[in-house]
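Chemist: Next comes the structure file target_34.cif, holding mmCIF, C-alpha atoms and all ligand atoms; chains and numbers go by the auth columns.
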data_coords
loop_
_atom_site.group_PDB
_atom_site.id
_atom_site.type_symbol
_atom_site.label_atom_id
_atom_site.label_comp_id
_atom_site.label_asym_id
_atom_site.label_seq_id
_atom_site.Cartn_x
_atom_site.Cartn_y
_atom_site.Cartn_z
_atom_site.B_iso_or_equiv
_atom_site.auth_seq_id
_atom_site.auth_asym_id
ATOM 1 C CA MET A 1 -126.499 -105.927 -83.384 0.00 26 A
ATOM 2 C CA SER A 2 -129.427 -108.216 -84.088 0.00 27 A
ATOM 3 C CA GLN A 3 -132.785 -106.602 -84.710 0.00 28 A
ATOM 4 C CA ALA A 4 -136.423 -107.385 -84.035 0.00 29 A
ATOM 5 C CA SER A 5 -136.198 -108.892 -80.595 0.00 30 A
ATOM 6 C CA GLU A 6 -139.270 -108.608 -78.412 0.00 31 A
ATOM 7 C CA LYS A 7 -138.421 -106.552 -75.348 0.00 32 A
ATOM 8 C CA THR A 8 -139.418 -107.577 -71.845 0.00 33 A
ATOM 9 C CA GLU A 9 -141.277 -104.524 -70.595 0.00 34 A
ATOM 10 C CA LEU A 10 -142.304 -103.600 -67.100 0.00 35 A
ATOM 11 C CA SER A 11 -146.086 -103.468 -66.790 0.00 36 A
ATOM 12 C CA ALA A 12 -147.831 -100.189 -65.992 0.00 37 A
ATOM 13 C CA GLN A 13 -148.798 -101.642 -62.623 0.00 38 A
ATOM 14 C CA ALA A 14 -145.170 -102.476 -61.814 0.00 39 A
ATOM 15 C CA ARG A 15 -144.032 -99.009 -62.851 0.00 40 A
ATOM 16 C CA LYS A 16 -146.691 -97.415 -60.681 0.00 41 A
ATOM 17 C CA LEU A 17 -145.716 -99.539 -57.706 0.00 42 A
ATOM 18 C CA ILE A 18 -142.076 -98.503 -58.092 0.00 43 A
ATOM 19 C CA GLU A 19 -143.027 -94.839 -58.343 0.00 44 A
ATOM 20 C CA GLN A 20 -145.301 -94.868 -55.299 0.00 45 A
ATOM 21 C CA HIS A 21 -142.909 -96.789 -53.114 0.00 46 A
ATOM 22 C CA ALA A 22 -139.908 -94.755 -54.241 0.00 47 A
ATOM 23 C CA GLN A 23 -141.744 -91.628 -53.111 0.00 48 A
ATOM 24 C CA ALA A 24 -142.578 -93.255 -49.793 0.00 49 A
ATOM 25 C CA ILE A 25 -138.896 -94.159 -49.346 0.00 50 A
ATOM 26 C CA ASP A 26 -137.836 -90.573 -50.070 0.00 51 A
ATOM 27 C CA ARG A 27 -140.346 -89.245 -47.553 0.00 52 A
ATOM 28 C CA ALA A 28 -139.207 -91.693 -44.876 0.00 53 A
ATOM 29 C CA VAL A 29 -135.531 -90.841 -45.477 0.00 54 A
ATOM 30 C CA ASP A 30 -136.373 -87.132 -45.370 0.00 55 A
ATOM 31 C CA GLU A 31 -138.172 -87.496 -42.092 0.00 56 A
ATOM 32 C CA ALA A 32 -135.429 -89.654 -40.578 0.00 57 A
ATOM 33 C CA SER A 33 -132.806 -87.105 -41.672 0.00 58 A
ATOM 34 C CA ARG A 34 -134.372 -84.478 -39.455 0.00 59 A
ATOM 35 C CA LYS A 35 -133.930 -86.537 -36.289 0.00 60 A
ATOM 36 C CA LEU A 36 -130.190 -87.083 -36.280 0.00 61 A
ATOM 37 C CA SER A 37 -128.759 -85.777 -33.038 0.00 62 A
ATOM 38 C CA SER A 38 -126.095 -88.358 -32.151 0.00 63 A
ATOM 39 C CA PRO A 39 -124.287 -91.287 -33.795 0.00 64 A
ATOM 40 C CA ALA A 40 -126.707 -93.612 -31.960 0.00 65 A
ATOM 41 C CA SER A 41 -129.697 -91.811 -33.454 0.00 66 A
ATOM 42 C CA VAL A 42 -128.108 -92.084 -36.919 0.00 67 A
ATOM 43 C CA LEU A 43 -127.712 -95.829 -36.513 0.00 68 A
ATOM 44 C CA SER A 44 -131.291 -96.226 -35.399 0.00 69 A
ATOM 45 C CA ALA A 45 -132.451 -94.103 -38.358 0.00 70 A
ATOM 46 C CA ALA A 46 -130.348 -96.341 -40.629 0.00 71 A
ATOM 47 C CA CYS A 47 -132.074 -99.431 -39.216 0.00 72 A
ATOM 48 C CA GLY A 48 -135.430 -97.755 -39.806 0.00 73 A
ATOM 49 C CA VAL A 49 -134.583 -97.097 -43.455 0.00 74 A
ATOM 50 C CA LEU A 50 -133.283 -100.648 -43.960 0.00 75 A
ATOM 51 C CA ASN A 51 -136.455 -102.020 -42.347 0.00 76 A
ATOM 52 C CA LEU A 52 -138.542 -100.342 -45.046 0.00 77 A
ATOM 53 C CA ARG A 53 -137.423 -103.180 -47.299 0.00 78 A
ATOM 54 C CA ALA A 54 -139.864 -105.608 -45.680 0.00 79 A
ATOM 55 C CA ARG A 55 -142.764 -103.350 -46.635 0.00 80 A
ATOM 56 C CA ASP A 56 -141.514 -102.915 -50.215 0.00 81 A
ATOM 57 C CA VAL A 57 -140.946 -106.645 -50.724 0.00 82 A
ATOM 58 C CA GLY A 58 -144.376 -107.352 -49.240 0.00 83 A
ATOM 59 C CA ALA A 59 -146.061 -104.884 -51.578 0.00 84 A
ATOM 60 C CA ALA A 60 -144.231 -106.286 -54.605 0.00 85 A
ATOM 61 C CA GLY A 61 -145.185 -109.818 -53.545 0.00 86 A
ATOM 62 C CA GLU A 62 -148.883 -108.954 -53.365 0.00 87 A
ATOM 63 C CA HIS A 63 -149.063 -108.442 -57.112 0.00 88 A
ATOM 64 C CA PHE A 64 -145.946 -110.063 -58.532 0.00 89 A
ATOM 65 C CA SER A 65 -143.871 -113.116 -57.823 0.00 90 A
ATOM 66 C CA VAL A 66 -140.493 -112.202 -56.409 0.00 91 A
ATOM 67 C CA HIS A 67 -139.120 -115.052 -58.561 0.00 92 A
ATOM 68 C CA GLU A 68 -140.329 -113.409 -61.758 0.00 93 A
ATOM 69 C CA TYR A 69 -138.904 -110.642 -63.916 0.00 94 A
ATOM 70 C CA GLN A 70 -141.419 -107.954 -62.871 0.00 95 A
ATOM 71 C CA GLY A 71 -141.126 -108.656 -59.151 0.00 96 A
ATOM 72 C CA ILE A 72 -137.322 -108.752 -59.305 0.00 97 A
ATOM 73 C CA GLU A 73 -137.170 -105.467 -61.232 0.00 98 A
ATOM 74 C CA ILE A 74 -139.410 -103.788 -58.644 0.00 99 A
ATOM 75 C CA ILE A 75 -137.273 -105.019 -55.770 0.00 100 A
ATOM 76 C CA ASP A 76 -133.997 -103.985 -57.406 0.00 101 A
ATOM 77 C CA ALA A 77 -135.323 -100.513 -58.240 0.00 102 A
ATOM 78 C CA LEU A 78 -136.577 -99.944 -54.691 0.00 103 A
ATOM 79 C CA ASP A 79 -133.423 -101.392 -53.125 0.00 104 A
ATOM 80 C CA GLU A 80 -131.363 -98.905 -55.095 0.00 105 A
ATOM 81 C CA ARG A 81 -133.605 -96.012 -54.061 0.00 106 A
ATOM 82 C CA ARG A 82 -133.433 -96.985 -50.398 0.00 107 A
ATOM 83 C CA LEU A 83 -129.652 -97.429 -50.424 0.00 108 A
ATOM 84 C CA ARG A 84 -129.097 -94.116 -52.184 0.00 109 A
ATOM 85 C CA GLY A 85 -131.364 -92.419 -49.636 0.00 110 A
ATOM 86 C CA LEU A 86 -129.520 -94.047 -46.769 0.00 111 A
ATOM 87 C CA ARG A 87 -126.179 -93.014 -48.165 0.00 112 A
ATOM 88 C CA ALA A 88 -127.361 -89.384 -48.429 0.00 113 A
ATOM 89 C CA LEU A 89 -128.608 -89.547 -44.836 0.00 114 A
ATOM 90 C CA LEU A 90 -125.308 -90.882 -43.481 0.00 115 A
ATOM 91 C CA ALA A 91 -123.165 -88.562 -45.607 0.00 116 A
ATOM 92 C CA GLY A 92 -125.220 -85.562 -44.470 0.00 117 A
ATOM 93 C CA TYR A 93 -124.643 -86.433 -40.843 0.00 118 A
ATOM 94 C CA VAL A 94 -120.916 -87.089 -41.259 0.00 119 A
ATOM 95 C CA GLU A 95 -120.467 -83.715 -42.954 0.00 120 A
ATOM 96 C CA ARG A 96 -122.182 -81.861 -40.128 0.00 121 A
ATOM 97 C CA ALA A 97 -120.872 -83.891 -37.194 0.00 122 A
ATOM 98 C CA ARG A 98 -118.472 -82.013 -34.949 0.00 123 A
ATOM 99 C CA ARG A 99 -117.141 -85.150 -33.403 0.00 124 A
ATOM 100 C CA LYS A 100 -114.093 -86.595 -35.133 0.00 125 A
ATOM 101 C CA LEU A 101 -113.791 -90.209 -36.139 0.00 126 A
ATOM 102 C CA ASP A 102 -111.492 -92.135 -33.800 0.00 127 A
ATOM 103 C CA PRO A 103 -109.133 -94.127 -36.072 0.00 128 A
ATOM 104 C CA ALA A 104 -108.648 -96.784 -33.382 0.00 129 A
ATOM 105 C CA ALA A 105 -112.410 -97.343 -33.156 0.00 130 A
ATOM 106 C CA ALA A 106 -112.582 -97.545 -36.959 0.00 131 A
ATOM 107 C CA ALA A 107 -109.765 -100.102 -36.949 0.00 132 A
ATOM 108 C CA LEU A 108 -111.586 -102.190 -34.339 0.00 133 A
ATOM 109 C CA LEU A 109 -114.714 -102.274 -36.515 0.00 134 A
ATOM 110 C CA ALA A 110 -112.732 -103.163 -39.617 0.00 135 A
ATOM 111 C CA GLU A 111 -111.136 -106.027 -37.710 0.00 136 A
ATOM 112 C CA LYS A 112 -114.283 -107.308 -35.994 0.00 137 A
ATOM 113 C CA LEU A 113 -116.993 -106.709 -38.577 0.00 138 A
ATOM 114 C CA THR A 114 -115.256 -107.627 -41.797 0.00 139 A
ATOM 115 C CA PRO A 115 -114.327 -111.294 -41.218 0.00 140 A
ATOM 116 C CA GLY A 116 -117.213 -113.648 -41.822 0.00 141 A
ATOM 117 C CA VAL A 117 -118.988 -111.110 -43.985 0.00 142 A
ATOM 118 C CA LYS A 118 -119.126 -112.173 -47.595 0.00 143 A
ATOM 119 C CA GLU A 119 -117.099 -109.826 -49.796 0.00 144 A
ATOM 120 C CA LEU A 120 -119.239 -107.737 -52.122 0.00 145 A
ATOM 121 C CA PRO A 121 -118.681 -108.407 -55.819 0.00 146 A
ATOM 122 C CA GLN A 122 -117.205 -105.628 -57.941 0.00 147 A
ATOM 123 C CA TYR A 123 -120.672 -104.628 -59.188 0.00 148 A
ATOM 124 C CA PRO A 124 -123.030 -105.558 -56.390 0.00 149 A
ATOM 125 C CA VAL A 125 -126.812 -105.531 -56.754 0.00 150 A
ATOM 126 C CA GLY A 126 -128.831 -103.686 -54.103 0.00 151 A
ATOM 127 C CA TYR A 127 -130.001 -106.731 -52.178 0.00 152 A
ATOM 128 C CA MET A 128 -126.376 -107.838 -51.640 0.00 153 A
ATOM 129 C CA VAL A 129 -125.496 -104.450 -50.164 0.00 154 A
ATOM 130 C CA HIS A 130 -128.641 -104.516 -48.028 0.00 155 A
ATOM 131 C CA TYR A 131 -127.712 -107.853 -46.486 0.00 156 A
ATOM 132 C CA MET A 132 -124.159 -106.733 -45.911 0.00 157 A
ATOM 133 C CA LEU A 133 -125.319 -103.646 -44.007 0.00 158 A
ATOM 134 C CA VAL A 134 -127.816 -105.658 -41.973 0.00 159 A
ATOM 135 C CA SER A 135 -125.241 -108.269 -40.995 0.00 160 A
ATOM 136 C CA ALA A 136 -122.719 -105.577 -40.069 0.00 161 A
ATOM 137 C CA LEU A 137 -125.304 -103.905 -37.824 0.00 162 A
ATOM 138 C CA ARG A 138 -126.112 -107.227 -36.208 0.00 163 A
ATOM 139 C CA ALA A 139 -122.451 -107.931 -35.491 0.00 164 A
ATOM 140 C CA PHE A 140 -122.017 -104.394 -34.152 0.00 165 A
ATOM 141 C CA GLU A 141 -124.466 -104.798 -31.232 0.00 166 A
ATOM 142 C CA PRO A 142 -122.332 -107.129 -29.091 0.00 167 A
ATOM 143 C CA LEU A 143 -119.266 -105.023 -29.916 0.00 168 A
ATOM 144 C CA VAL A 144 -120.789 -101.945 -28.270 0.00 169 A
ATOM 145 C CA GLU A 145 -121.748 -103.997 -25.228 0.00 170 A
ATOM 146 C CA GLU A 146 -118.222 -105.320 -24.868 0.00 171 A
ATOM 147 C CA GLY A 147 -116.859 -101.787 -25.328 0.00 172 A
ATOM 148 C CA HIS A 148 -113.262 -102.847 -26.007 0.00 173 A
ATOM 149 C CA GLY A 149 -112.117 -99.745 -24.122 0.00 174 A
ATOM 150 C CA PHE A 150 -114.171 -97.291 -26.210 0.00 175 A
ATOM 151 C CA GLU A 151 -117.147 -95.261 -25.133 0.00 176 A
ATOM 152 C CA PRO A 152 -120.286 -96.187 -27.066 0.00 177 A
ATOM 153 C CA ALA A 153 -120.488 -92.884 -28.983 0.00 178 A
ATOM 154 C CA ALA A 154 -116.972 -93.371 -30.422 0.00 179 A
ATOM 155 C CA LEU A 155 -117.874 -96.836 -31.689 0.00 180 A
ATOM 156 C CA GLU A 156 -121.232 -95.636 -32.988 0.00 181 A
ATOM 157 C CA LEU A 157 -119.646 -92.837 -34.984 0.00 182 A
ATOM 158 C CA ALA A 158 -117.095 -95.288 -36.381 0.00 183 A
ATOM 159 C CA MET A 159 -120.022 -97.526 -37.347 0.00 184 A
ATOM 160 C CA VAL A 160 -121.700 -94.652 -39.217 0.00 185 A
ATOM 161 C CA HIS A 161 -118.476 -94.266 -41.235 0.00 186 A
ATOM 162 C CA HIS A 162 -118.224 -98.022 -41.733 0.00 187 A
ATOM 163 C CA LEU A 163 -121.742 -98.216 -43.227 0.00 188 A
ATOM 164 C CA LEU A 164 -121.138 -95.114 -45.310 0.00 189 A
ATOM 165 C CA ALA A 165 -118.000 -96.643 -46.845 0.00 190 A
ATOM 166 C CA ILE A 166 -119.978 -99.728 -47.952 0.00 191 A
ATOM 167 C CA LEU A 167 -122.711 -97.530 -49.428 0.00 192 A
ATOM 168 C CA ASP A 168 -120.212 -95.233 -51.151 0.00 193 A
ATOM 169 C CA ARG A 169 -118.693 -98.162 -52.963 0.00 194 A
ATOM 170 C CA TYR A 170 -122.116 -99.285 -54.184 0.00 195 A
ATOM 171 C CA VAL A 171 -123.444 -95.882 -55.178 0.00 196 A
ATOM 172 C CA GLN A 172 -120.281 -95.149 -57.185 0.00 197 A
ATOM 173 C CA THR A 173 -121.035 -98.180 -59.366 0.00 198 A
ATOM 174 C CA ARG A 174 -124.493 -96.724 -60.041 0.00 199 A
ATOM 175 C CA GLU A 175 -123.540 -93.095 -60.638 0.00 200 A
ATOM 176 C CA LYS A 176 -120.663 -92.993 -63.096 0.00 201 A
ATOM 177 C CA PRO A 177 -122.176 -93.765 -66.522 0.00 202 A
ATOM 178 C CA VAL A 178 -119.444 -96.141 -67.730 0.00 203 A
ATOM 179 C CA VAL A 179 -119.255 -98.074 -64.475 0.00 204 A
ATOM 180 C CA ARG A 180 -123.028 -98.038 -64.396 0.00 205 A
ATOM 181 C CA HIS A 181 -123.072 -99.893 -67.697 0.00 206 A
ATOM 182 C CA PHE A 182 -120.948 -102.726 -66.294 0.00 207 A
ATOM 183 C CA SER A 183 -123.053 -102.717 -63.165 0.00 208 A
ATOM 184 C CA ASP A 184 -126.213 -103.038 -65.302 0.00 209 A
ATOM 185 C CA VAL A 185 -124.758 -105.999 -67.175 0.00 210 A
ATOM 186 C CA ALA A 186 -123.647 -107.689 -63.954 0.00 211 A
ATOM 187 C CA ARG A 187 -127.195 -107.289 -62.627 0.00 212 A
ATOM 188 C CA GLU A 188 -128.601 -109.227 -65.591 0.00 213 A
ATOM 189 C CA TYR A 189 -127.015 -112.379 -64.226 0.00 214 A
ATOM 190 C CA ALA A 190 -128.187 -111.576 -60.709 0.00 215 A
ATOM 191 C CA VAL A 191 -131.736 -111.404 -62.120 0.00 216 A
ATOM 192 C CA VAL A 192 -131.399 -114.751 -63.913 0.00 217 A
ATOM 193 C CA HIS A 193 -130.059 -116.252 -60.698 0.00 218 A
ATOM 194 C CA ARG A 194 -133.289 -115.342 -58.872 0.00 219 A
ATOM 195 C CA LEU A 195 -135.740 -116.388 -61.609 0.00 220 A
ATOM 196 C CA LYS A 196 -137.785 -119.504 -61.052 0.00 221 A
ATOM 197 C CA CYS A 197 -139.082 -121.676 -63.884 0.00 222 A
ATOM 198 C CA PRO A 198 -142.834 -122.460 -63.741 0.00 223 A
ATOM 199 C CA CYS A 199 -141.753 -126.106 -63.182 0.00 224 A
ATOM 200 C CA GLY A 200 -140.374 -125.021 -59.808 0.00 225 A
ATOM 201 C CA ALA A 201 -136.678 -125.206 -60.619 0.00 226 A
ATOM 202 C CA GLU A 202 -134.608 -122.179 -59.690 0.00 227 A
ATOM 203 C CA LYS A 203 -131.778 -122.643 -62.133 0.00 228 A
ATOM 204 C CA TYR A 204 -131.651 -121.280 -65.645 0.00 229 A
ATOM 205 C CA ASP A 205 -128.702 -121.641 -67.964 0.00 230 A
ATOM 206 C CA VAL A 206 -127.869 -118.602 -70.078 0.00 231 A
ATOM 207 C CA LYS A 207 -127.683 -120.087 -73.579 0.00 232 A
ATOM 208 C CA LEU A 208 -127.019 -116.851 -75.410 0.00 233 A
ATOM 209 C CA GLN A 209 -126.469 -113.201 -74.606 0.00 234 A
ATOM 210 C CA ALA A 210 -127.146 -110.969 -77.605 0.00 235 A
ATOM 211 C CA LEU A 211 -126.807 -107.228 -77.989 0.00 236 A
ATOM 212 C CA CYS A 212 -129.943 -105.989 -79.787 0.00 237 A
ATOM 213 C CA GLN A 213 -131.364 -102.729 -81.006 0.00 238 A
ATOM 214 C CA GLY A 214 -134.856 -101.403 -80.320 0.00 239 A
ATOM 215 C CA PRO A 215 -137.102 -99.495 -82.759 0.00 240 A
ATOM 216 C CA SER A 216 -135.453 -96.150 -82.008 0.00 241 A
ATOM 217 C CA GLY A 217 -131.947 -97.607 -82.069 0.00 242 A
ATOM 218 C CA GLU A 218 -131.669 -98.016 -78.312 0.00 243 A
ATOM 219 C CA PRO A 219 -129.360 -100.875 -77.344 0.00 244 A
ATOM 220 C CA PHE A 220 -130.573 -103.684 -75.130 0.00 245 A
ATOM 221 C CA ASP A 221 -129.370 -107.105 -74.086 0.00 246 A
ATOM 222 C CA ARG A 222 -131.327 -110.272 -74.740 0.00 247 A
ATOM 223 C CA LEU A 223 -130.620 -113.351 -72.667 0.00 248 A
ATOM 224 C CA ASP A 224 -131.898 -116.701 -73.952 0.00 249 A
ATOM 225 C CA LEU A 225 -132.453 -118.995 -71.024 0.00 250 A
ATOM 226 C CA GLN A 226 -133.096 -122.683 -70.599 0.00 251 A
ATOM 227 C CA CYS A 227 -134.345 -124.373 -67.442 0.00 252 A
ATOM 228 C CA LYS A 228 -131.803 -126.895 -66.157 0.00 253 A
ATOM 229 C CA ASP A 229 -134.583 -129.233 -65.001 0.00 254 A
ATOM 230 C CA CYS A 230 -137.388 -129.250 -67.588 0.00 255 A
ATOM 231 C CA GLY A 231 -135.538 -127.705 -70.548 0.00 256 A
ATOM 232 C CA ALA A 232 -138.137 -124.959 -71.103 0.00 257 A
ATOM 233 C CA GLN A 233 -136.749 -121.951 -72.950 0.00 258 A
ATOM 234 C CA ARG A 234 -137.458 -118.266 -72.545 0.00 259 A
ATOM 235 C CA SER A 235 -135.854 -114.925 -73.275 0.00 260 A
ATOM 236 C CA ILE A 236 -135.611 -111.813 -71.174 0.00 261 A
ATOM 237 C CA THR A 237 -134.224 -108.425 -72.128 0.00 262 A
ATOM 238 C CA PHE A 238 -132.534 -105.582 -70.306 0.00 263 A
ATOM 239 C CA ASP A 239 -132.205 -101.958 -71.309 0.00 264 A
ATOM 240 C CA LEU A 240 -128.642 -100.683 -71.577 0.00 265 A
ATOM 241 C CA PRO A 241 -129.081 -96.928 -71.198 0.00 266 A
ATOM 242 C CA HIS A 242 -125.355 -96.371 -70.630 0.00 267 A
ATOM 243 C CA PHE A 243 -124.011 -98.503 -73.462 0.00 268 A
ATOM 244 C CA ARG A 244 -122.994 -95.470 -75.527 0.00 269 A
ATOM 245 C CA ASP A 245 -121.124 -93.914 -72.604 0.00 270 A
ATOM 246 C CA MET A 246 -118.892 -96.949 -72.719 0.00 271 A
ATOM 247 C CA LEU A 247 -118.239 -96.595 -76.449 0.00 272 A
ATOM 248 C CA GLN A 248 -117.103 -93.012 -75.918 0.00 273 A
ATOM 249 C CA MET A 249 -114.325 -94.119 -73.562 0.00 274 A
HETATM 250 ZN ZN ZN B . -138.274 -125.791 -65.621 0.00 1 B
#
Could you write out this structure as structure tokens?
Ligand SMILES: [Zn+2]
Modeler:
Amino acid sequence: MSQASEKTELSAQARKLIEQHAQAIDRAVDEASRKLSSPASVLSAACGVLNLRARDVGAAGEHFSVHEYQGIEIIDALDERRLRGLRALLAGYVERARRKLDPAAAALLAEKLTPGVKELPQYPVGYMVHYMLVSALRAFEPLVEEGHGFEPAALELAMVHHLLAILDRYVQTREKPVVRHFSDVAREYAVVHRLKCPCGAEKYDVKLQALCQGPSGEPFDRLDLQCKDCGAQRSITFDLPHFRDMLQM
């Protein structure tokens, strides 16, 4: 491990924004969870939770560029919070629901909603999952209208399960420490991909990825970047809180 690398830290303002908005997300999810009476109401609650993203991105954008490290970190943290909340909401309903999932309705959704939707990578970042859920919900609307021989409630319940399966896959990559480590590393590249150089170019090359050690021995990754257009160089760092879990495998 190389020593003495300057760490990229989140500012106090960014941390505060994350904390406040995370609490607002939790409150909204809590409130939405109390109004689930039918599969249709669950889907509309899910849309409500997903729509909170616009507010979070807007708030981040007021103080930070969404093409800069701080803004991207805020958005990723809040995306994760929202998706975890949504997963808890859906899972809670599915556990309590008396109605059974109709396998034929589930098969119809798998057939109709999956093609055309970009496959999620093995370690997706929150925004990828968000867009996948939103596009699935959009494609679901005409399906209910067409019916395909199912009553709406059967399709709606199948849709609740469909969304939950997507969220389960994501949350698993964020919950198990070892998997979480790989997910953290995969996110580093998803951050670089969204960074914009002050020259306006949106493409950085990763010149070097180095495993470093902080003052108290905590491991972190440093990525040395170079703008593909103007050649400007910069470094960003990422904490690796689950690095040691991986070593204990
Ligand atoms: Zn540049």
Chemist: Could you tell me which residues the PyMOL selection byres (((not hetatm)) within 6 of (chain B and resi 1)) grabs in this file, written as a list in words?
Modeler: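 Taken over the shown coordinates, the PyMOL selection byres (((not hetatm)) within 6 of (chain B and resi 1)) returns Cys222, Pro223, Cys224, Ala226, Cys252, Asp254, Cys255, Gly256 and Ala257 of chain A.
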Chemist: I'd like to see the residues matched by the PyMOL selection byres (((chain A and resi 33-42) around 6) and not hetatm) on this file, and ideally I'd get them as a PDB file with C-alpha atoms, in the frame of the given file.
Modeler:
ATOM      1  CA  LYS A  32    -138.421-106.552 -75.348  1.00  0.00           C
ATOM      2  CA  ILE A  43    -142.076 -98.503 -58.092  1.00  0.00           C
ATOM      3  CA  GLU A  44    -143.027 -94.839 -58.343  1.00  0.00           C
ATOM      4  CA  GLN A  45    -145.301 -94.868 -55.299  1.00  0.00           C
ATOM      5  CA  ILE A 261    -135.611-111.813 -71.174  1.00  0.00           C
ATOM      6  CA  THR A 262    -134.224-108.425 -72.128  1.00  0.00           C
TER       7      THR A 262
END
Chemist: Using all atoms listed in the file for the distances, tell me which of A:Ser241, A:Arg247, A:Lys253, A:Leu108 is nearest to Leu192 (chain A).
Modeler: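 Of A:Ser241, A:Arg247, A:Lys253, A:Leu108, the one nearest Leu192 (chain A) is A:Leu108, counting all atoms listed in the file.
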Chemist: For Val82 (chain A), which residue out of A:Ala179, A:Leu61, A:Leu236, A:Ala102 is the nearest one, using only C-alpha atoms?
Modeler: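 Closest candidate: A:Ala102.
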Chemist: When the PyMOL selection byres (((chain A and resi 76) around 12) and not hetatm) is applied to the structure above, which residues does it catch, written out as a PyMOL selection string?
Modeler: chain A and resi 50+53-54+69-75+77-83+104+107-108+111+155-156+158-159
Chemist: Determine the axis-aligned bounding box of all atoms of region 110-128 of chain A present in the file, pad each side by 4 Å, and express its centre and edge lengths in Å to one decimal place as AutoDock Vina command-line options.
Modeler:
--center_x -120.2 --center_y -88.0 --center_z -41.5 --size_x 30.2 --size_y 20.3 --size_z 24.2
Chemist: Can you work out which one of A:Leu114, A:Glu176, A:Ala183, A:Ile99 has the shortest atom-to-atom distance to Glu56 (chain A), counting only C-alpha atoms?
Modeler: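 Of all the options, A:Leu114 lies closest to Glu56 (chain A).
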Chemist: Skipping near chain neighbours, those fewer than 5 positions away, what residues fall within 10 Å of region 126-142 of chain A using only C-alpha atoms, listed as a list in words?
Modeler: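 So the residues in contact are Val119, Tyr156, Met157, Leu158, Ser160, Ala161, Leu162, Arg163, Ala164, Phe165, Leu168, His173, Gly174, Phe175, Glu176, Ala179, Leu180, Glu181, Leu182, Ala183, Met184, Val185, His186 and His187 of chain A.
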Chemist: If you measure from CA of Gly151 (chain A) to CA of Glu105 (chain A), what distance in Å do you get, rounded to one decimal?
Modeler: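 CA of Gly151 (chain A) sits 5.5 Å away from CA of Glu105 (chain A).
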Chemist: Smallest atom-to-atom distance to His92 (chain A): which of A:Asp51, A:Glu227, A:Glu171, A:Glu144, using only C-alpha atoms?
Modeler: A:Glu227
Chemist: Work out how far apart CA of Lys232 (chain A) and CA of Gln251 (chain A) are and give it in Å to one decimal.
Modeler: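 Computing it gives 6.7 Å between the two atoms.
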Chemist: My list of candidates is A:Glu98, A:Gln197, A:Leu233, A:Gly225. Which is closest to Phe263 (chain A) when distances are computed with only C-alpha atoms?
Modeler: A:Glu98
Chemist: Rank nothing, just name the residue among A:Lys228, A:Lys60, A:His46, A:His267 nearest to Val210 (chain A), using all atoms listed in the file.
Modeler: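 That would be A:His267, the residue with the smallest distance to Val210 (chain A).
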Chemist: If you measure from CA of Arg121 (chain A) to CA of Leu103 (chain A), what distance in Å do you get, rounded to one decimal?
Modeler: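 Going from CA of Arg121 (chain A) over to CA of Leu103 (chain A), I get 27.3 Å.
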Chemist: Extract region 223-234 of chain A from the coordinates I pasted, and write it as a PDB file, in the first residue's frame (atoms kept: N, CA and C atoms).
Modeler:
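Written out: selection_15.pdb:
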ATOM      1  N   PRO A 223     -13.210  20.616 -15.893  1.00  0.00           N
ATOM      2  CA  PRO A 223     -13.543  22.044 -16.020  1.00  0.00           C
ATOM      3  C   PRO A 223     -13.500  22.536 -17.479  1.00  0.00           C
ATOM      4  N   CYS A 224     -12.765  21.853 -18.356  1.00  0.00           N
ATOM      5  CA  CYS A 224     -12.720  22.257 -19.769  1.00  0.00           C
ATOM      6  C   CYS A 224     -14.022  21.919 -20.490  1.00  0.00           C
ATOM      7  N   GLY A 225     -14.882  21.140 -19.848  1.00  0.00           N
ATOM      8  CA  GLY A 225     -16.169  20.811 -20.454  1.00  0.00           C
ATOM      9  C   GLY A 225     -16.251  19.376 -20.938  1.00  0.00           C
ATOM     10  N   ALA A 226     -15.107  18.715 -21.065  1.00  0.00           N
ATOM     11  CA  ALA A 226     -15.121  17.337 -21.547  1.00  0.00           C
ATOM     12  C   ALA A 226     -15.664  16.407 -20.466  1.00  0.00           C
ATOM     13  N   GLU A 227     -16.326  15.361 -20.881  1.00  0.00           N
ATOM     14  CA  GLU A 227     -16.927  14.451 -19.899  1.00  0.00           C
ATOM     15  C   GLU A 227     -16.187  13.137 -19.799  1.00  0.00           C
ATOM     16  N   LYS A 228     -15.005  13.065 -20.384  1.00  0.00           N
ATOM     17  CA  LYS A 228     -14.309  11.783 -20.378  1.00  0.00           C
ATOM     18  C   LYS A 228     -12.945  11.883 -19.701  1.00  0.00           C
ATOM     19  N   TYR A 229     -12.800  11.131 -18.640  1.00  0.00           N
ATOM     20  CA  TYR A 229     -11.498  10.998 -17.993  1.00  0.00           C
ATOM     21  C   TYR A 229     -10.965   9.595 -18.235  1.00  0.00           C
ATOM     22  N   ASP A 230      -9.684   9.497 -18.467  1.00  0.00           N
ATOM     23  CA  ASP A 230      -9.026   8.194 -18.464  1.00  0.00           C
ATOM     24  C   ASP A 230      -8.532   7.910 -17.057  1.00  0.00           C
ATOM     25  N   VAL A 231      -8.678   6.658 -16.604  1.00  0.00           N
ATOM     26  CA  VAL A 231      -8.066   6.279 -15.332  1.00  0.00           C
ATOM     27  C   VAL A 231      -6.635   5.852 -15.641  1.00  0.00           C
ATOM     28  N   LYS A 232      -5.668   6.662 -15.185  1.00  0.00           N
ATOM     29  CA  LYS A 232      -4.263   6.374 -15.467  1.00  0.00           C
ATOM     30  C   LYS A 232      -3.700   5.363 -14.474  1.00  0.00           C
ATOM     31  N   LEU A 233      -4.178   5.455 -13.244  1.00  0.00           N
ATOM     32  CA  LEU A 233      -3.648   4.571 -12.205  1.00  0.00           C
ATOM     33  C   LEU A 233      -4.689   4.390 -11.107  1.00  0.00           C
ATOM     34  N   GLN A 234      -4.807   3.164 -10.643  1.00  0.00           N
ATOM     35  CA  GLN A 234      -5.647   2.905  -9.467  1.00  0.00           C
ATOM     36  C   GLN A 234      -4.727   2.345  -8.395  1.00  0.00           C
TER      37      GLN A 234
END
